[in-house]
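Student: Hey, dropping coords_28.pdb in here, PDB, C-alpha atoms:
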```pdb
MODEL        1
ATOM      1  CA  MET A   1       0.000   0.000   0.000  1.00  0.00           C
ATOM      2  CA  ALA A   2       1.131   3.535  -0.749  1.00  0.00           C
ATOM      3  CA  THR A   3       2.034   5.946   2.039  1.00  0.00           C
ATOM      4  CA  VAL A   4       0.697   9.439   1.424  1.00  0.00           C
ATOM      5  CA  HIS A   5       1.559  12.682   3.248  1.00  0.00           C
ATOM      6  CA  ILE A   6      -1.148  15.299   3.734  1.00  0.00           C
ATOM      7  CA  THR A   7      -0.786  18.745   5.298  1.00  0.00           C
ATOM      8  CA  ARG A   8      -3.134  21.146   7.048  1.00  0.00           C
ATOM      9  CA  ARG A   9      -2.165  24.816   7.410  1.00  0.00           C
ATOM     10  CA  GLU A  10      -3.334  27.069  10.224  1.00  0.00           C
ATOM     11  CA  ARG A  11      -2.357  30.615  11.179  1.00  0.00           C
ATOM     12  CA  PHE A  12      -2.007  32.416  14.478  1.00  0.00           C
ATOM     13  CA  SER A  13      -0.639  35.633  15.909  1.00  0.00           C
ATOM     14  CA  ALA A  14       1.274  35.620  19.167  1.00  0.00           C
ATOM     15  CA  ALA A  15       3.738  37.581  21.263  1.00  0.00           C
ATOM     16  CA  HIS A  16       6.867  36.277  22.942  1.00  0.00           C
ATOM     17  CA  LYS A  17      10.285  37.244  24.214  1.00  0.00           C
ATOM     18  CA  LEU A  18      13.556  35.371  23.955  1.00  0.00           C
ATOM     19  CA  SER A  19      15.461  35.918  27.155  1.00  0.00           C
ATOM     20  CA  LEU A  20      16.789  33.914  30.056  1.00  0.00           C
ATOM     21  CA  PRO A  21      15.912  35.298  33.503  1.00  0.00           C
ATOM     22  CA  ASP A  22      19.325  34.435  34.985  1.00  0.00           C
ATOM     23  CA  TRP A  23      21.101  36.506  32.334  1.00  0.00           C
ATOM     24  CA  SER A  24      21.617  40.245  32.330  1.00  0.00           C
ATOM     25  CA  ALA A  25      19.755  42.416  29.850  1.00  0.00           C
ATOM     26  CA  GLU A  26      23.082  42.939  28.057  1.00  0.00           C
ATOM     27  CA  LYS A  27      23.768  39.211  27.703  1.00  0.00           C
ATOM     28  CA  ASN A  28      20.208  38.534  26.523  1.00  0.00           C
ATOM     29  CA  MET A  29      20.591  41.300  23.930  1.00  0.00           C
ATOM     30  CA  ALA A  30      23.961  39.898  22.822  1.00  0.00           C
ATOM     31  CA  VAL A  31      22.532  36.388  22.338  1.00  0.00           C
ATOM     32  CA  PHE A  32      18.909  37.011  21.307  1.00  0.00           C
ATOM     33  CA  GLY A  33      19.130  40.522  19.816  1.00  0.00           C
ATOM     34  CA  LYS A  34      15.924  42.492  19.379  1.00  0.00           C
ATOM     35  CA  CYS A  35      13.938  39.330  20.189  1.00  0.00           C
ATOM     36  CA  SER A  36      14.888  39.939  23.834  1.00  0.00           C
ATOM     37  CA  ASN A  37      12.914  43.210  23.906  1.00  0.00           C
ATOM     38  CA  PRO A  38      11.681  43.497  27.521  1.00  0.00           C
ATOM     39  CA  ASN A  39       8.291  44.677  26.208  1.00  0.00           C
ATOM     40  CA  TRP A  40       7.850  41.560  24.028  1.00  0.00           C
ATOM     41  CA  HIS A  41       7.297  41.381  20.261  1.00  0.00           C
ATOM     42  CA  GLY A  42       4.943  39.454  18.013  1.00  0.00           C
ATOM     43  CA  HIS A  43       4.688  37.394  14.861  1.00  0.00           C
ATOM     44  CA  ASN A  44       2.007  36.272  12.449  1.00  0.00           C
ATOM     45  CA  TYR A  45       2.858  32.584  12.396  1.00  0.00           C
ATOM     46  CA  GLU A  46       1.913  29.916   9.896  1.00  0.00           C
ATOM     47  CA  LEU A  47       1.709  26.317  11.073  1.00  0.00           C
ATOM     48  CA  TRP A  48       1.745  23.271   8.795  1.00  0.00           C
ATOM     49  CA  VAL A  49       0.882  19.897  10.294  1.00  0.00           C
ATOM     50  CA  THR A  50       1.776  16.988   8.024  1.00  0.00           C
ATOM     51  CA  VAL A  51       0.560  13.465   8.712  1.00  0.00           C
ATOM     52  CA  LYS A  52       1.118  10.271   6.763  1.00  0.00           C
ATOM     53  CA  GLY A  53      -0.718   7.047   6.225  1.00  0.00           C
ATOM     54  CA  THR A  54      -2.377   4.768   3.760  1.00  0.00           C
ATOM     55  CA  PRO A  55      -5.501   6.147   2.077  1.00  0.00           C
ATOM     56  CA  ASP A  56      -8.719   4.469   3.178  1.00  0.00           C
ATOM     57  CA  PRO A  57      -9.932   2.228   0.344  1.00  0.00           C
ATOM     58  CA  LEU A  58     -13.477   3.644   0.555  1.00  0.00           C
ATOM     59  CA  THR A  59     -12.916   7.378   1.113  1.00  0.00           C
ATOM     60  CA  GLY A  60      -9.455   7.744  -0.386  1.00  0.00           C
ATOM     61  CA  PHE A  61      -8.491   9.795   2.694  1.00  0.00           C
ATOM     62  CA  VAL A  62      -5.425   9.378   4.881  1.00  0.00           C
ATOM     63  CA  VAL A  63      -7.358  11.495   7.365  1.00  0.00           C
ATOM     64  CA  ASP A  64     -10.467  13.645   7.268  1.00  0.00           C
ATOM     65  CA  LEU A  65      -8.972  17.150   6.892  1.00  0.00           C
ATOM     66  CA  SER A  66     -11.878  18.720   8.770  1.00  0.00           C
ATOM     67  CA  GLU A  67     -11.144  16.485  11.748  1.00  0.00           C
ATOM     68  CA  LEU A  68      -7.417  17.209  11.467  1.00  0.00           C
ATOM     69  CA  GLY A  69      -8.195  20.937  11.492  1.00  0.00           C
ATOM     70  CA  ARG A  70     -10.493  20.548  14.490  1.00  0.00           C
ATOM     71  CA  ILE A  71      -7.776  18.779  16.482  1.00  0.00           C
ATOM     72  CA  VAL A  72      -5.096  21.337  15.551  1.00  0.00           C
ATOM     73  CA  ASN A  73      -7.425  24.148  16.598  1.00  0.00           C
ATOM     74  CA  ASP A  74      -8.457  22.375  19.813  1.00  0.00           C
ATOM     75  CA  LYS A  75      -4.936  21.381  20.902  1.00  0.00           C
ATOM     76  CA  ILE A  76      -2.881  24.327  19.589  1.00  0.00           C
ATOM     77  CA  ILE A  77      -4.554  27.355  18.008  1.00  0.00           C
ATOM     78  CA  ARG A  78      -7.030  28.143  20.797  1.00  0.00           C
ATOM     79  CA  TYR A  79      -4.100  28.298  23.225  1.00  0.00           C
ATOM     80  CA  VAL A  80      -1.700  30.395  21.142  1.00  0.00           C
ATOM     81  CA  ASP A  81      -3.711  32.736  18.898  1.00  0.00           C
ATOM     82  CA  HIS A  82      -3.512  36.339  20.122  1.00  0.00           C
ATOM     83  CA  LYS A  83      -1.730  35.159  23.261  1.00  0.00           C
ATOM     84  CA  ASN A  84       1.626  35.676  24.923  1.00  0.00           C
ATOM     85  CA  LEU A  85       3.474  32.384  24.379  1.00  0.00           C
ATOM     86  CA  ASP A  86       5.541  32.884  27.523  1.00  0.00           C
ATOM     87  CA  MET A  87       2.725  33.823  29.876  1.00  0.00           C
ATOM     88  CA  ASP A  88      -0.546  32.371  28.549  1.00  0.00           C
ATOM     89  CA  VAL A  89       0.228  28.960  27.045  1.00  0.00           C
ATOM     90  CA  PRO A  90       0.216  26.067  29.541  1.00  0.00           C
ATOM     91  CA  PHE A  91       2.323  23.714  27.419  1.00  0.00           C
ATOM     92  CA  MET A  92       5.036  26.376  26.991  1.00  0.00           C
ATOM     93  CA  LYS A  93       5.530  26.962  30.739  1.00  0.00           C
ATOM     94  CA  GLY A  94       9.198  26.601  31.605  1.00  0.00           C
ATOM     95  CA  ARG A  95      10.292  26.577  27.949  1.00  0.00           C
ATOM     96  CA  LEU A  96      12.019  29.325  26.019  1.00  0.00           C
ATOM     97  CA  SER A  97       9.547  30.265  23.277  1.00  0.00           C
ATOM     98  CA  SER A  98      11.899  29.821  20.330  1.00  0.00           C
ATOM     99  CA  THR A  99      10.278  28.582  17.157  1.00  0.00           C
ATOM    100  CA  GLU A 100      12.241  25.353  17.572  1.00  0.00           C
ATOM    101  CA  ASN A 101      10.720  24.764  21.013  1.00  0.00           C
ATOM    102  CA  LEU A 102       7.257  25.683  19.709  1.00  0.00           C
ATOM    103  CA  ALA A 103       7.546  22.992  17.031  1.00  0.00           C
ATOM    104  CA  ILE A 104       8.498  20.360  19.624  1.00  0.00           C
ATOM    105  CA  ALA A 105       5.681  21.423  21.971  1.00  0.00           C
ATOM    106  CA  PHE A 106       3.137  21.360  19.136  1.00  0.00           C
ATOM    107  CA  TRP A 107       4.266  17.853  18.172  1.00  0.00           C
ATOM    108  CA  GLU A 108       3.804  16.712  21.770  1.00  0.00           C
ATOM    109  CA  GLN A 109       0.281  18.164  21.871  1.00  0.00           C
ATOM    110  CA  LEU A 110      -0.788  16.575  18.570  1.00  0.00           C
ATOM    111  CA  LYS A 111       0.925  13.175  18.416  1.00  0.00           C
ATOM    112  CA  GLU A 112      -1.558  11.085  20.420  1.00  0.00           C
ATOM    113  CA  PRO A 113      -4.792  12.713  19.192  1.00  0.00           C
ATOM    114  CA  LEU A 114      -3.692  12.322  15.566  1.00  0.00           C
ATOM    115  CA  GLU A 115      -2.617   8.725  16.065  1.00  0.00           C
ATOM    116  CA  ALA A 116      -6.119   8.107  17.443  1.00  0.00           C
ATOM    117  CA  LEU A 117      -7.403   9.197  14.008  1.00  0.00           C
ATOM    118  CA  GLY A 118      -5.348   6.425  12.403  1.00  0.00           C
ATOM    119  CA  CYS A 119      -2.550   8.519  10.920  1.00  0.00           C
ATOM    120  CA  THR A 120       1.061   9.156  11.918  1.00  0.00           C
ATOM    121  CA  MET A 121       2.687  12.514  12.539  1.00  0.00           C
ATOM    122  CA  HIS A 122       5.300  13.307   9.907  1.00  0.00           C
ATOM    123  CA  CYS A 123       6.246  16.976  10.328  1.00  0.00           C
ATOM    124  CA  ILE A 124       5.469  20.203  12.120  1.00  0.00           C
ATOM    125  CA  LYS A 125       6.544  23.282  10.166  1.00  0.00           C
ATOM    126  CA  ILE A 126       6.261  26.773  11.629  1.00  0.00           C
ATOM    127  CA  ARG A 127       6.969  29.958   9.697  1.00  0.00           C
ATOM    128  CA  GLU A 128       7.813  32.772  12.076  1.00  0.00           C
ATOM    129  CA  THR A 129       8.788  35.360   9.453  1.00  0.00           C
ATOM    130  CA  GLU A 130       9.130  35.455   5.679  1.00  0.00           C
ATOM    131  CA  ASN A 131      12.753  34.444   6.127  1.00  0.00           C
ATOM    132  CA  ASN A 132      12.604  31.974   9.033  1.00  0.00           C
ATOM    133  CA  HIS A 133      10.859  28.666   9.445  1.00  0.00           C
ATOM    134  CA  VAL A 134      11.425  25.504  11.461  1.00  0.00           C
ATOM    135  CA  GLU A 135      10.618  21.881  10.657  1.00  0.00           C
ATOM    136  CA  TYR A 136      10.420  19.143  13.284  1.00  0.00           C
ATOM    137  CA  HIS A 137      10.016  15.456  12.510  1.00  0.00           C
ATOM    138  CA  GLY A 138       9.730  14.096  16.027  1.00  0.00           C
ATOM    139  CA  GLU A 139      13.323  13.037  16.464  1.00  0.00           C
TER     140      GLU A 139
ENDMDL
END
```
Just dump the structure as structure tokens.
Tutor:
Amino acid sequence: MATVHITRRERFSAAHKLSLPDWSAEKNMAVFGKCSNPNWHGHNYELWVTVKGTPDPLTGFVVDLSELGRIVNDKIIRYVDHKNLDMDVPFMKGRLSSTENLAIAFWEQLKEPLEALGCTMHCIKIRETENNHVEYHGE
């Protein structure tokens, strides 16, 4: 049987700050640059969730995209959209809100619910800016 990858895209806007509390403002600025702004900053993120599996012989679907979208919205978007990633998002507590860490946290939130749909997580891709994006494959 053929393995097919299918992707759902969602969007969200969120604020965050890259800084370590044990470091001085100068060290945070040296390492994280303007992303360490003490008054936060924001992004209009794009999130791609890619799953893989064998298409159902009756429907031809690897997964019902409406159900995939519902799960992504229930497990991720409702927590992060128009929120402060460092202060408002339970699954980001204690984590630096880099895009890399966001991708890992999103994977952790989605893996089990998507497996329950009968598909396997393949990739989380997050675009933070036009020039920067992260991909995570669960390794």
Student: Would you pick out the contacts of stretch 79-85 of chain A at 12 Å or less, using all atoms listed in the file, so that residues sharing its chain but fewer than 2 positions from it are not included, and give the list as a PyMOL selection string?
Tutor: chain A and resi 10-18+39-47+72-77+87-99+101-102+105-106+109
Student: Within 12 Å of A:Trp107, counting all atoms listed in the file, which residues qualify if same-chain residues fewer than 6 places away don't, as a JSON list (two decimals) with C-alpha atoms, in the frame of the given file?
Tutor:
```json
[["chain", "number", "residue", "atom", "x", "y", "z"],
["A", 47, "LEU", "CA", 1.71, 26.32, 11.07],
["A", 48, "TRP", "CA", 1.74, 23.27, 8.80],
["A", 49, "VAL", "CA", 0.88, 19.90, 10.29],
["A", 50, "THR", "CA", 1.78, 16.99, 8.02],
["A", 51, "VAL", "CA", 0.56, 13.46, 8.71],
["A", 72, "VAL", "CA", -5.10, 21.34, 15.55],
["A", 75, "LYS", "CA", -4.94, 21.38, 20.90],
["A", 76, "ILE", "CA", -2.88, 24.33, 19.59],
["A", 91, "PHE", "CA", 2.32, 23.71, 27.42],
["A", 100, "GLU", "CA", 12.24, 25.35, 17.57],
["A", 101, "ASN", "CA", 10.72, 24.76, 21.01],
["A", 113, "PRO", "CA", -4.79, 12.71, 19.19],
["A", 114, "LEU", "CA", -3.69, 12.32, 15.57],
["A", 115, "GLU", "CA", -2.62, 8.72, 16.07],
["A", 120, "THR", "CA", 1.06, 9.16, 11.92],
["A", 121, "MET", "CA", 2.69, 12.51, 12.54],
["A", 122, "HIS", "CA", 5.30, 13.31, 9.91],
["A", 123, "CYS", "CA", 6.25, 16.98, 10.33],
["A", 124, "ILE", "CA", 5.47, 20.20, 12.12],
["A", 125, "LYS", "CA", 6.54, 23.28, 10.17],
["A", 126, "ILE", "CA", 6.26, 26.77, 11.63],
["A", 135, "GLU", "CA", 10.62, 21.88, 10.66],
["A", 136, "TYR", "CA", 10.42, 19.14, 13.28],
["A", 137, "HIS", "CA", 10.02, 15.46, 12.51],
["A", 138, "GLY", "CA", 9.73, 14.10, 16.03],
["A", 139, "GLU", "CA", 13.32, 13.04, 16.46]]
```
Student: Go ahead and compute the interatomic distance for atom CA of A:Ile71 and atom CA of A:Cys119, in Å to one decimal.
Tutor: 12.8 Å
Student: Find the residue from A:Arg9, A:Val134, A:Glu26, A:Val4 that sits nearest to A:Thr54; use only C-alpha atoms when measuring.
Tutor: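 Comparing A:Arg9, A:Val134, A:Glu26, A:Val4 against A:Thr54, the winner is A:Val4.
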Student: Provide the atom CA of A:Ser66 to atom CA of A:Ala2 distance in Å, to one decimal place.
Tutor: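 Spanning atom CA of A:Ser66 to atom CA of A:Ala2 is a straight-line distance of 22.1 Å.
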Student: If you measure from atom CA of A:Gly53 to atom CA of A:Ala103, what distance in Å do you get, rounded to one decimal?
Tutor: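 Atom CA of A:Ala103 lies 21.0 Å from atom CA of A:Gly53.
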Student: Box in all listed atoms of stretch 30-48 of chain A, axis-aligned, with 8 Å more on each side; write out centre and edge lengths in Å to one decimal as JSON.
Tutor:
```
{"center_x": 12.8, "center_y": 34.0, "center_z": 18.2, "size_x": 38.3, "size_y": 37.4, "size_z": 34.7}
```
Student: So which one's closest to A:Arg70, A:Leu110, A:Asp22, A:Ala30, A:Arg127? Using all atoms listed in the file, please.
Tutor: A:Leu110
